[in-house]
Amino acid sequence: MTADLLRGVMPVLEVPFTADGGLDPDGFDRTVRHVLATGVTAVMFPGFASEFHKLTDDERALLTHRLLDITTPRPDVAAVISIPDHATRVAVDRATAAVAAGADAINLLPPHFLGPPPAEVHRHVTAVLTAVAPTPVILQYAPAQTGSAFTARALRDLAAEHPNLAAVKIETALPGRLAEDLAAGTPALRSFVGYAGLQLADALRRGVAGVQPGCSFTEVYQRIWRLWHDGDQADALALHARLVPYLAYWMQEVELIIMVEKHISARRGLIDHPHCRHPARSLDPHERAGVDRFLAEFDDILRPL
């Protein structure tokens, strides 16, 4: 049943902070409920869009449990808990604790600090897959951010050894090619595209399982996904084409799109303040104007809350 929910638009939840950088747990709850109200069947936390690297262990645990408190009573949605921890022992402990607390699936970011050898990355990934089996795992493949490299063959070999490897989140150049290769192999592997859905048009043509963007304008991604799967491919591609110029600029820096999404969420009334914890990327006047243009252009989809 969980596998059926791991499809379509799977937003990565942002973390609201107060103006002075304090955690805003109630704002996080509002964010979760708003995103689920858009009709998505799964959400992920914590990811790069969640500023996971700027959260304390206690904050991350608190928000994880608040998310699971909301999703656990709902059989129609899945909570995907991400495990970005670098130490294998810590990653295994946190992954098994998340499953015990009610996580429906695990998102696994391979270790990358200081360039661990490929054999150690493989050891880390297999340790987590084994520890949480049969809970589904999505392996996050983001070489630009992590330096970790996997071939399609290596990913399929992992899936053959560990049937709970349910999908791969691809954040590379030409993600559609890798997605198609994974789907055509044995065993077949499903794929999600990340990178804010910049390559979503090509990914849709190649039959990806879903997209994992940020969460400040989930409705736009939902509209694209629904148009495509309702048979209105031309309208889906046209809407995505309107989105691409914004994404192409914002995705030049990960910290930039995180800050932009916080500003969009605050302008819409989803969160109280667009604060990103320092070190952060500020917006200059032209970038703020870009947010204004974005909100005006997609006003028919993104209404203030």
# chains A, B, ... in the order shown; residues from 1 in each chain; ligands from 1
>>> select_by_dssp(residues="stretch 73-288 of chain A", states="helix (DSSP H, G or I)", output="MDAnalysis selection string")
chainID A and resid 88:101 118:132 143:146 152:161 175:184 195:197 200:205 218:229 233:250 254:268 285:288
>>> closest_atom_pairs(of="stretch 78-146 of chain A", to="stretch 212-216 of chain A", cutoff="12 Å", atoms="only C-alpha atoms", output="tab-separated table")
residue	atom	partner	partner_atom	distance
A:Val80	CA	A:Gln212	CA	11.3
A:Asn107	CA	A:Gln212	CA	11.3
A:Ile138	CA	A:Gln212	CA	11.3
A:Gln140	CA	A:Gln212	CA	10.5
>>> write_last_selection(atoms="C-alpha atoms", output="mmCIF file, in the first residue's frame")
data_model
loop_
_atom_site.group_PDB
_atom_site.id
_atom_site.type_symbol
_atom_site.label_atom_id
_atom_site.label_comp_id
_atom_site.auth_asym_id
_atom_site.auth_seq_id
_atom_site.Cartn_x
_atom_site.Cartn_y
_atom_site.Cartn_z
ATOM 1 C CA VAL A 80 8.943 9.696 3.963
ATOM 2 C CA ASN A 107 14.730 8.543 1.992
ATOM 3 C CA ILE A 138 14.156 5.883 -1.777
ATOM 4 C CA GLN A 140 18.726 10.019 -3.167
#
>>> residues_around(residues="A:Arg190", least_positions_apart="6", cutoff="7 Å", atoms="only C-alpha atoms", output="ChimeraX atom specification")
/A:166-168,182-183,208-209
>>> write_last_selection(atoms="C-alpha atoms", output="PDB file, in the first residue's frame")
ATOM      1  CA  ALA A 166      11.720   1.091  -3.955  1.00  0.00           C
ATOM      2  CA  ALA A 167      12.931   4.025  -6.036  1.00  0.00           C
ATOM      3  CA  VAL A 168      15.751   6.446  -6.800  1.00  0.00           C
ATOM      4  CA  LEU A 182      16.464   2.023 -14.398  1.00  0.00           C
ATOM      5  CA  ALA A 183      12.873   1.288 -15.450  1.00  0.00           C
ATOM      6  CA  VAL A 208       8.941   8.779 -14.094  1.00  0.00           C
ATOM      7  CA  ALA A 209       7.063   7.886 -10.929  1.00  0.00           C
TER       8      ALA A 209
END
>>> residues_around(residues="A:Leu139", least_positions_apart="4", cutoff="12 Å", atoms="only C-alpha atoms", output="ChimeraX atom specification")
/A:80-84,105-111,121-122,124-126,128-129,148-150,155-156,158-159,162,164-171,189-194
>>> select_by_dssp(residues="stretch 138-293 of chain A", states="strand (DSSP E)", output="list in words")
Ile138, Leu139, Gln140, Tyr141, Leu165, Ala166, Ala167, Val168, Lys169, Ile170, Arg190, Ser191, Phe192, Val193, Gly210 and Val211 of chain A
>>> residues_around(residues="A:Glu287", least_positions_apart="6", cutoff="12 Å", atoms="only C-alpha atoms", output="PyMOL selection string")
chain A and resi 246+249-250+256-257+259-261+263-264+281+293-294
>>> atom_distance(atom1="atom CA of A:Arg153", atom2="atom CA of A:Ala127")
19.2 Å
>>> residues_around(residues="A:Asp26", least_positions_apart="5", cutoff="10 Å", atoms="only C-alpha atoms", output="JSON, numbers by chain")
{"A": [16, 31, 32, 63, 66, 271]}
>>> write_last_selection(atoms="C-alpha atoms", output="CSV table (one decimal), in the first residue's frame")
chain,number,residue,atom,x,y,z
A,16,PRO,CA,9.6,27.8,9.3
A,31,THR,CA,2.9,23.8,6.4
A,32,VAL,CA,2.3,20.0,6.6
A,63,LEU,CA,9.5,18.0,13.8
A,66,ARG,CA,5.0,16.2,14.7
A,271,ILE,CA,4.6,30.8,7.2
>>> atom_distance(atom1="atom CA of A:Asp58", atom2="atom CA of A:Ala79")
19.0 Å
>>> atom_distance(atom1="atom CA of A:Ile301", atom2="atom CA of A:Asp24")
26.5 Å
>>> residues_around(residues="A:Ala248", least_positions_apart="6", cutoff="12 Å", atoms="only C-alpha atoms", output="NGL selection string")
:A and (195-199 or 240-242 or 254 or 256-257)
